[in-house]
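Presented below is the structure to which this report refers.
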Amino acid sequence: MLARTEEILSLARSRTPGDRERLLLAVVDLCDVADSAEIMSAPAVQDLLNSIFMSLVVEAERDIRRRLAEKLAVVDWAPAALINVLALDDIEIARPIIATSPLLQDHDLVRLLVEATVEHQIEVARRPRIGQPVIAAILQQAEPAVLTALAGNHQAALAASDMAMLVKASRRVAALRSPLVRRPELTEDLALQLYVWVGQSLRQSLVLRFRLDPVALEAALGQAVGEAHAGAPGVEPTTDAIVWQQDDEREAMERQLIVKLVAAGQLRPGYLLRALREGKLSLFVGALATLGDFPPDMVRQAMDGDQPEHLALACAAVNIDKSAFPTILELVRSLNGGKPGGGAEGARRAMAAFGPFAPDLAAMAFRRAVGREMV
């Protein structure tokens with residue numbers, strides 16, 4: 001251990017670029033050594049880490065920062081300031097830090113919710129056992145994709161008031177409904193409210209789980225719809241008013257919107273990302289299907305499978321830029337219960353779909369690959 005400590009101290013005292021890079025790589029390697037915590041906790045090493053590590057990381061190549069983040073995500077001896085810097089880095093670097101670092105406190109996570117991108121916020125909402133201040137900040141900001149990630153995080157303990165706010169938000173954010181139906185904290189009273197907004201299959205789940213009377217529920221549903229359309233003339237409904245729509249009505253409206261966008265020449269690839277950021281997954285499906293001339297069921301199959309490269313092929317076919325796909329994949333997963341699966345390895349595979357070939361070849365490959373799954 002002493003020899004290893006001396007090696008790190010020697011590299012840290014050097015000012016040559018090569019030695020500084022070797023120092024970072026040595027720290028990365030140390031994370032896999034059984035006695036690394038003892039080495040890195042040595043006072044002399046800690047002093048040097050605190051004094052020079054920040055400048056080293058800022059100057060480091062992206063791949064080194066990524067490797068460092070993956071290793072430091074599980075240790076408790078890294079400088080807290082460094083962990084916070086890595087948490088604000090590109091999402092691929094920040095993700096393991098946000099997900100697991102024991103050094104991130106509630107106030108650090110709240111700062112990420114305020115300062116970082118939606119992708120970072122989604123990772124905060126997915127973090128196991130987040131505290132009440134973090135949950136409160138997520139609910140206050142009310143970003144649809146982040147709310148959906150929180151609703152799907154079963155390791156986050158939601159209070160009754162938190163659940164009530166999420167059920168209320170599900171009136172406008174359709175993606176919230178399915179994860180809320182599966183929350184253990186859902187009460188019968190909230191289930192009755194949620195019943196108004198969900199589709200038929202989720203209604204059946206609520207009836208079975210809470211033994212609700214389907215006849216009474218349908219009557220309440222009809223009353224809610226009637227109230228939604230019985231406002232006074234010329235008066236706009238308040239934000240608390242029920243503005244329920246059947247799923248088929250919503251989808252019909254989205255189809256009309258897409259037709260109008262096409263007619264105006266405004267349906268472009270960038271609109272797909274906008275739809276996802278607004279939490280409108282079904283609008284994303286319809287827009288992607290229209291842009292690529294794909295059957296909507298084929299797009300849904302690509303999203304619900306375990307091979308994100310199929311979704312990547314569809315995006316490549318409509319000229320989505322390769323750099324935008326990781327964001328699209330994360331937003332789709334957050335709105336679609338973690339699908340398409342495949343994890344980080346699947347996401348890396350998916351990038352190969354943006355190879356040096358024409359969009360029409362990507363479209364052909366998409367139809368062939370997904371078509372086989374649908375047979």
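Letters for chains follow the order of the structure tokens (A, B, ...), residue numbers begin at 1 for each chain, and ligand numbers begin at 1 in the order shown.
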task: Could you pull out the residues in segment 232-348 of chain A that DSSP calls alpha helix (DSSP H) from the backbone, as a ChimeraX atom specification?
output: /A:247-263,270-277,281-292,296-304,308-317,325-335,343-348
Please report, as a Markdown table, each residue of segment 47-118 of chain A lying at most 12 Å from segment 333-347 of chain A, together with the nearest pair of atoms and the separation in Å rounded to one decimal; use only C-alpha atoms, and order rows by chain and ascending residue number.
```
| residue | atom | partner | partner_atom | distance |
| --- | --- | --- | --- | --- |
| A:Glu92 | CA | A:Ala344 | CA | 9.5 |
| A:Arg95 | CA | A:Ala344 | CA | 10.5 |
| A:Pro96 | CA | A:Ala344 | CA | 10.9 |
| A:Val118 | CA | A:Ser334 | CA | 11.0 |
```
*Distance criterion (only C-alpha atoms): nearest to Ile320 of chain A out of A:Gly199, A:Pro269, A:Gly355, A:Gly286*: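 Under the stated criterion, the closest residue is A:Pro269.
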### Message
Would you pick out the contacts of Pro179 of chain A at 9 Å or less, using only C-alpha atoms, so that residues sharing its chain but fewer than 6 positions from it are not included, and give the list as a ChimeraX atom specification?
### Response
/A:148-149,151-153,337
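Among the candidates A:Ala252, A:Val167, A:His154, A:Val215, the one nearest to Val198 of chain A when counting only C-alpha atoms is A:Val167.
Between atom CA of Leu267 of chain A and atom CA of Ala169 of chain A there is a distance of 27.4 Å.
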| message | At a cut-off of 8 Å, using only C-alpha atoms, what residues contact Leu190 of chain A? Leave out same-chain residues fewer than 3 positions from it and give the result as a list in words. | response |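 Residues near the query, excluding close chain neighbours: Met163, Ala164, Val167, Leu186, Thr187, Gln193 and Leu194 of chain A.
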What would the file look like if the residues just selected were written as a CSV table (one decimal), in the first residue's frame with N, CA, C and O atoms?
```
chain,number,residue,atom,x,y,z
A,163,MET,N,-48.8,11.5,-3.5
A,163,MET,CA,-49.6,10.7,-4.5
A,163,MET,C,-50.8,11.6,-5.0
A,163,MET,O,-51.2,11.5,-6.2
A,164,ALA,N,-51.4,12.4,-4.1
A,164,ALA,CA,-52.5,13.2,-4.6
A,164,ALA,C,-52.1,14.1,-5.7
A,164,ALA,O,-52.8,14.4,-6.6
A,167,VAL,N,-51.6,12.1,-8.9
A,167,VAL,CA,-52.8,11.7,-9.5
A,167,VAL,C,-53.5,12.9,-10.2
A,167,VAL,O,-54.0,12.8,-11.3
A,186,LEU,N,-51.1,3.9,-3.5
A,186,LEU,CA,-52.4,4.3,-4.1
A,186,LEU,C,-53.5,3.8,-3.2
A,186,LEU,O,-53.6,2.7,-2.8
A,187,THR,N,-54.3,4.8,-2.7
A,187,THR,CA,-55.5,4.5,-1.9
A,187,THR,C,-56.7,4.3,-2.7
A,187,THR,O,-56.8,4.7,-3.9
A,193,GLN,N,-60.3,8.6,-8.2
A,193,GLN,CA,-60.0,9.8,-9.0
A,193,GLN,C,-59.2,9.4,-10.3
A,193,GLN,O,-59.5,9.9,-11.4
A,194,LEU,N,-58.3,8.5,-10.1
A,194,LEU,CA,-57.5,8.0,-11.3
A,194,LEU,C,-58.3,7.3,-12.3
A,194,LEU,O,-58.0,7.4,-13.5
```
Atom CA of Leu329 of chain A to atom CA of Glu278 of chain A measures 14.6 Å
For a test of reading the model, state the distance in Å between atom CA of Ala275 of chain A and atom CA of Ala287 of chain A, rounded to one decimal.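 Straight-line distance from atom CA of Ala275 of chain A to atom CA of Ala287 of chain A works out to 8.8 Å.
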